[in-house]
Every structure is written in C-alpha cells, then in structure tokens.
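Structure first, then comments.
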Amino acid sequence: MAKYDYDLFVIGAGSGGVRAARIAAGHGAKVGIAEEYRVGGTCVIRGCVPKKLLVYASRFHDEFEDAAGFGWTVGATTFDWAKLIANKDKEIARLEGLYRANLERAGVDIHATRAVLEGPNSVRLASADRVVTADKILFATGGWPSMGDDAGQGIAGIEHAITSNEAFHLKEQPKRVVIYGGGYIAVEFAGIFAGLGSEVSIVYRGERFLRGFDEDLRTSLAEEYARRGIRIVTGTTIRRIEKNSGGLSVALSNGTVLEADAAMFATGRVPNVKGLGLEKAGVALAKNGGIGVDAASRTNVANVYAVGDVTNRVQLTPVAIREGHAFADSVFGKQSWSTSYDMIPTGVFSTPEIGTVGLTEAEARDPQLIRARYPSLAGLGGEIDLYKAQFRPMKGTLSGRAERMLMKLVVDQLSGRVLGCHVLGPDAAEMVQLAAIAMRMGATKADFDATMALHPSAAEELVTMRTKWTPPAK
Ligand code: NDP
C-alpha cells in the first residue's frame, strides 16, 4: 500500500498550481489539488485575462474617433457596461472549464475546498473536514490585494473602497473613479475606466507613477494620460472616504476632496499566506511576507514547496507557470531545471500601452546594482549609449490623433549588448515579447542594426535607430 494518499498535493489552482499539477501527473505522479474559489486563479478569474478584455473594450472609443480621418462616418455610439461584464464572465467561465478539463484529463483529483497544512505530510480539506496525506506538498496560493493590511490602515471609511477584485463585478460603470496607487493595476484600470468614458483620478503617494520603470516611459505615459483627461494627483495619500447621497467623498492629505462613485485601491498585492497552517509544519516566511524558497522552489521544510505570487519572487503569471513546470519536471520527471529570471518582458496595458524588457536607463548606469540584482549581466553597464525615437504613429497622420510613440534602447557601450528595450504605444507588448528573445540571447546593437526593417511598421524603429541620443543642451 502507498505510504501517502498522494505523491503531490497542490494547494491553489491558479496558473502555477495547475501547471505543476498537470505536469507532475504527466510524469506519473498521483496528484490532488485544492481550490477554495475558482479554478484558474487570479490571472484567469480576476486578473490578466478579464483585465485585457476590459482593455479591449476601452479602446473602441479611440477607433470610433480615428475612423473619421479615414473617411468613415460613425453613427452615435453607446456603451453597455452590464453587457461587457456579462460577456466577460461568460468567457471566464469557459476558460475555467478548460482549466478544469485539462486537470481532469491529466488525472488530477480536484477538491473544491480550502486546504490547510496540518503537518509536513498532511493537509486538512476544510469543507469535507478530512485529512489527506502527501509525499510532497506545493503551495500555489497566489496573492491578495493589500489594501486592508497596509495602505488601508488609518483611513476612515476604508470599507467603502474596492479593489480590482470587485472592479470586475461592479453592477454599474462608476462615472467618477478615484484610483489609489501608481503601479500596474492603478495605471491599467485608469486607462480602462477613462476609455469607457468615466472621469478618472489617480492618487499616488510618490512623484511619478510606475516606479521601477524607465523614466522616459513614466514621463511619457503621464503626459499621454493627462492629455486623455486623466487627473493625476501625486505626492498625496488618501485620508478619509465618506459615503454621501451622491456617492463618495475622498479626502486627500493635500486637502483636496474628490467626489467619486468608486474609490479603488491598487496598492500592491501581498502573498496569500494567512491561515494556511504554515507554522504547523514550520514553513518559514521571507522578508516580504511570502513563503521563502530556494531556486528549486523548496521551502525550509524538505518536502514542502511553493511557486508563484505566494513566494518571495517575481509576481507575474508566466513566472509562476515556469516555476510550477520546473518544480514538477525536477521533482517528478527527473529532468532538473530551474526558472531563469533573466530578461523578463512585461507589459502594462495602459492606453497607450507599455512593453518593457531588461534594464532601465538608471539601472544600466549602476554596475553595482546590476551585479546585485541581475547577476547574469554582471560586468556590463556603467557606460551606456541610448537610442530614442519619439514619433507620431502612421495611423495618427490621417486620424489626427496627437499621441506619440516612444522607443528606447539602452546599450552597453563596451560590448554593444542591448540591455534594455522600452516601448510606449500601440502593440508595445507584442513588440517587446519578440525583442526579449534576441536580448536574452545576448543581441548587440549591431545585431539589431543588421536586421532588415519590416516596412511600414512602428517596430522597424527598433532596428533603424542609428544616432546615439544626447541630452538636449541646457
Ligand atoms: P504594484 O506593486 O505594481 O504597485 C503598487 C502601488 O501602490 C505602488 O504605486 C505603490 O507606491 C503603492 N502603494 C503601496 N503601498 C502603499 C501604501 N501603503 N499607501 C499608498 N500607496 C501604496 O502593485 P499592483 O497592485 O498594481 O499590482 C500587483 C502586482 O501584480 C504587480 O507587482 C505585478 O507584478 C502584477 N500585475 C501585473 C500586471 C501585468 O503584467 N500587466 C498587471 C497587473 C498586476 P510606491 O511606488 O511608492 O511603492
């Protein structure tokens, strides 16, 4: 008789957990997975996927406006929030079904329950109130909006605020929205609501939103958002939220009071570790509050592993998927490999959107930081060349849209290696995904230059920028 009920028990059926469970089962392991909410996790159910659908919806207004310059007369347009949300929900349900079917096809037992660690080899399934045992246990419980834990502290009326979780299910489109935070989610939802016709204010505690991104991207997007009528209030925090007959009054630390129908907090996500029984097995947490793991996703307890946003690593879906896959191959498939964190491309689905990979200009100027944060690029940077192009995309010539596109390459002066590629404008994320292949392979500026341009495209700028950028004389 087998010593345990399962070879592997996965807690959390999001991107990382599902991938790990399926791959492990494919290697012949007997696998169980527990999910307390919906199969698919944040990305599929209330993150990347529904967000992108709302982004698509929010961009039609530009298309209607731009059409005139190309000879079209577009009649009166109206927008139906309830229909968008219902259609989005239908698509999410379809995807959830696919995820579930894939798990079942792989032979994974799905338990629709909260699961809590009882000991290094045992897990309590809360709704059935029974304990299952497993040789290996994997935590893939993701993250959770942090508003209640940190940003919300001391804010009277915080209970009137929502997070992205609720934003996906609002019954009505808020006509006036205050968004708190300056990261991915704040900037993306600001673009969504503004595109759908809401009056949007971003309230951010720092000077310029998207901290950590290249400065040119940050400045240019802030300019474009301002041009689109998005109000950006910086150097300010939210003090108080009051409900009144007309909606909400959001009082800021600079004395301003913003009237709104919704106040959305997008102030980061914290690893989802609460009440999981980690302490019972002695699983240690890292500094960020996530589960501490090594390169093999192993915790300090030999048979307990963790992948994705619940750990102390990068909070991105493709990263969680890779980590889950590497874990399953290494532990059950006898093909040991670990996730590479080099040159992770990322997009911010603002409108205009951002695609970015590699080092920012500021990072590239700092060899010490490179050595500490990007060991595979150690020895590069310090002396760099910049190539920048800022132009009106071709479509703008007839549409009359003033929006400008930005492309920037950060190049190591000595080796010529392209260290950073930053794009703002239509399809930026699509372009940067492909640039990331070349950059991961160590492409130099000379390689970019030797690549034939694809004309007419915006992306061709990436291989035709010949003049080093120098700051304008003061
Ligand atoms: P981010 O970490 O990107 O941004 C959080 C923002 O909230 C920052 O601007 C931060 O300010 C601010 N903030 C944090 N704490 C406080 C506080 N106590 N008071 C006031 N402001 C505060 O988090 P998001 O919530 O936007 O997204 C969570 C994660 O999800 C991201 O890190 C990303 O990895 C992932 N994600 C990825 C997407 C994509 O790939 N397109 C889309 C959406 C999410 P400051 O800058 O000063 O620290």
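The chains in the structure tokens are called A, B, ... from first to last as shown; in each chain the residues are counted from 1, and the ligands are counted from 1 in the order shown.
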
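For region 327-337 of chain A, the set of protein, DNA and RNA residues having any atom at most 6 Å away, when counting only C-alpha atoms and skipping those fewer than 4 positions along the same chain, is Ala20, Ile23, Ala24 and His27 of chain A.
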
Considering only C-alpha atoms, return as a list in words whatever protein or nucleic-acid residues lie within 9 Å of Lys88 (chain A), sequence-local ones (same chain, fewer than 6 positions apart) excluded. Pro50, Leu53 and Leu54 of chain A

Step by step, measure atom-to-atom distances between ligand 1 and each residue using only C-alpha atoms and all ligand atoms, keep those at most 7 Å, then write them as number ranges by chain. A: 47-48, 145, 150-152, 180-186, 204-206, 209-211, 237, 266-269, 314-316, 346-349

Name all residues at most 8 Å from Ile232 (chain A) (count only C-alpha atoms; drop same-chain ones fewer than 4 positions away) and give them as a list in words. Ser201, Ile202, Val203, Tyr204, Ala222 and Ala226 of chain A

Find the nearest atom pair between each residue of region 59-137 of chain A and region 165-170 of chain A for residues within 10 Å, count only C-alpha atoms, give distances in Å to one decimal, sort rows by chain and ascending number, and present the table as CSV.
residue,atom,partner,partner_atom,distance
A:Trp81,CA,A:Leu170,CA,8.9
A:Ala82,CA,A:Leu170,CA,8.6
A:Ile85,CA,A:His169,CA,7.0
A:Ala86,CA,A:His169,CA,9.2
A:Lys88,CA,A:Phe168,CA,9.0
A:Asp89,CA,A:His169,CA,8.9

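Take the candidates A:Leu95, A:Val18, A:Ile110, A:Ile384 and check each one against Ala34 (chain A) using only C-alpha atoms; the shortest distance goes to A:Ile110.
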
Residues of region 97-191 of chain A at most 7 Å from region 259-264 of chain A: nearest atom pair and distance in Å, only C-alpha atoms, as JSON lines:
{"residue": "A:Ala161", "atom": "CA", "partner": "A:Ala263", "partner_atom": "CA", "distance": 5.0}
{"residue": "A:Ile162", "atom": "CA", "partner": "A:Met264", "partner_atom": "CA", "distance": 4.8}
{"residue": "A:Thr163", "atom": "CA", "partner": "A:Met264", "partner_atom": "CA", "distance": 5.2}
{"residue": "A:Pro174", "atom": "CA", "partner": "A:Asp261", "partner_atom": "CA", "distance": 5.3}
{"residue": "A:Lys175", "atom": "CA", "partner": "A:Asp261", "partner_atom": "CA", "distance": 6.4}
{"residue": "A:Arg176", "atom": "CA", "partner": "A:Ala260", "partner_atom": "CA", "distance": 4.7}
{"residue": "A:Val177", "atom": "CA", "partner": "A:Ala262", "partner_atom": "CA", "distance": 5.0}
{"residue": "A:Val178", "atom": "CA", "partner": "A:Ala263", "partner_atom": "CA", "distance": 4.7}
{"residue": "A:Ile179", "atom": "CA", "partner": "A:Met264", "partner_atom": "CA", "distance": 4.8}
{"residue": "A:Tyr180", "atom": "CA", "partner": "A:Met264", "partner_atom": "CA", "distance": 6.1}

Just the residues within 8 Å of region 397-411 of chain A, please, counting only C-alpha atoms, with nothing from its chain fewer than 4 positions along; format it as a PyMOL selection string. chain A and resi 65-70+217+220+224+359-361+364+384-393+416-426+444-445+461-462

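The two atoms in question, CA of Arg218 (chain A) and CA of Ile354 (chain A), are spaced 9.5 Å apart.
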
Please identify every residue of region 96-140 of chain A that has at least one atom no farther than 12 Å from an atom of region 283-294 of chain A, counting only C-alpha atoms, and for each give the shortest atom pair and the distance in Å to one decimal, arranged by chain then increasing number, as a tab-separated table.
residue	atom	partner	partner_atom	distance
A:Leu117	CA	A:Val283	CA	9.9
A:Glu118	CA	A:Val283	CA	11.5
A:Gly119	CA	A:Val283	CA	9.9
A:Pro120	CA	A:Val283	CA	8.8
A:Ile137	CA	A:Val283	CA	11.4
A:Leu138	CA	A:Ile291	CA	11.1
A:Phe139	CA	A:Ile291	CA	8.7
A:Ala140	CA	A:Ile291	CA	10.0

Among the residues of region 18-176 of chain A, find those DSSP assigns to strand (DSSP E) from the backbone and print them as a PyMOL selection string. chain A and resi 31-34+109-111+115-119+122-125+130-139+143-145+176

Which parts of region 259-404 of chain A does DSSP call helix (DSSP H, G or I) when run on the backbone here, written out as an NGL selection string? :A and (278-281 or 308-310 or 317-332 or 361-364 or 367-373 or 375-377 or 395-399)
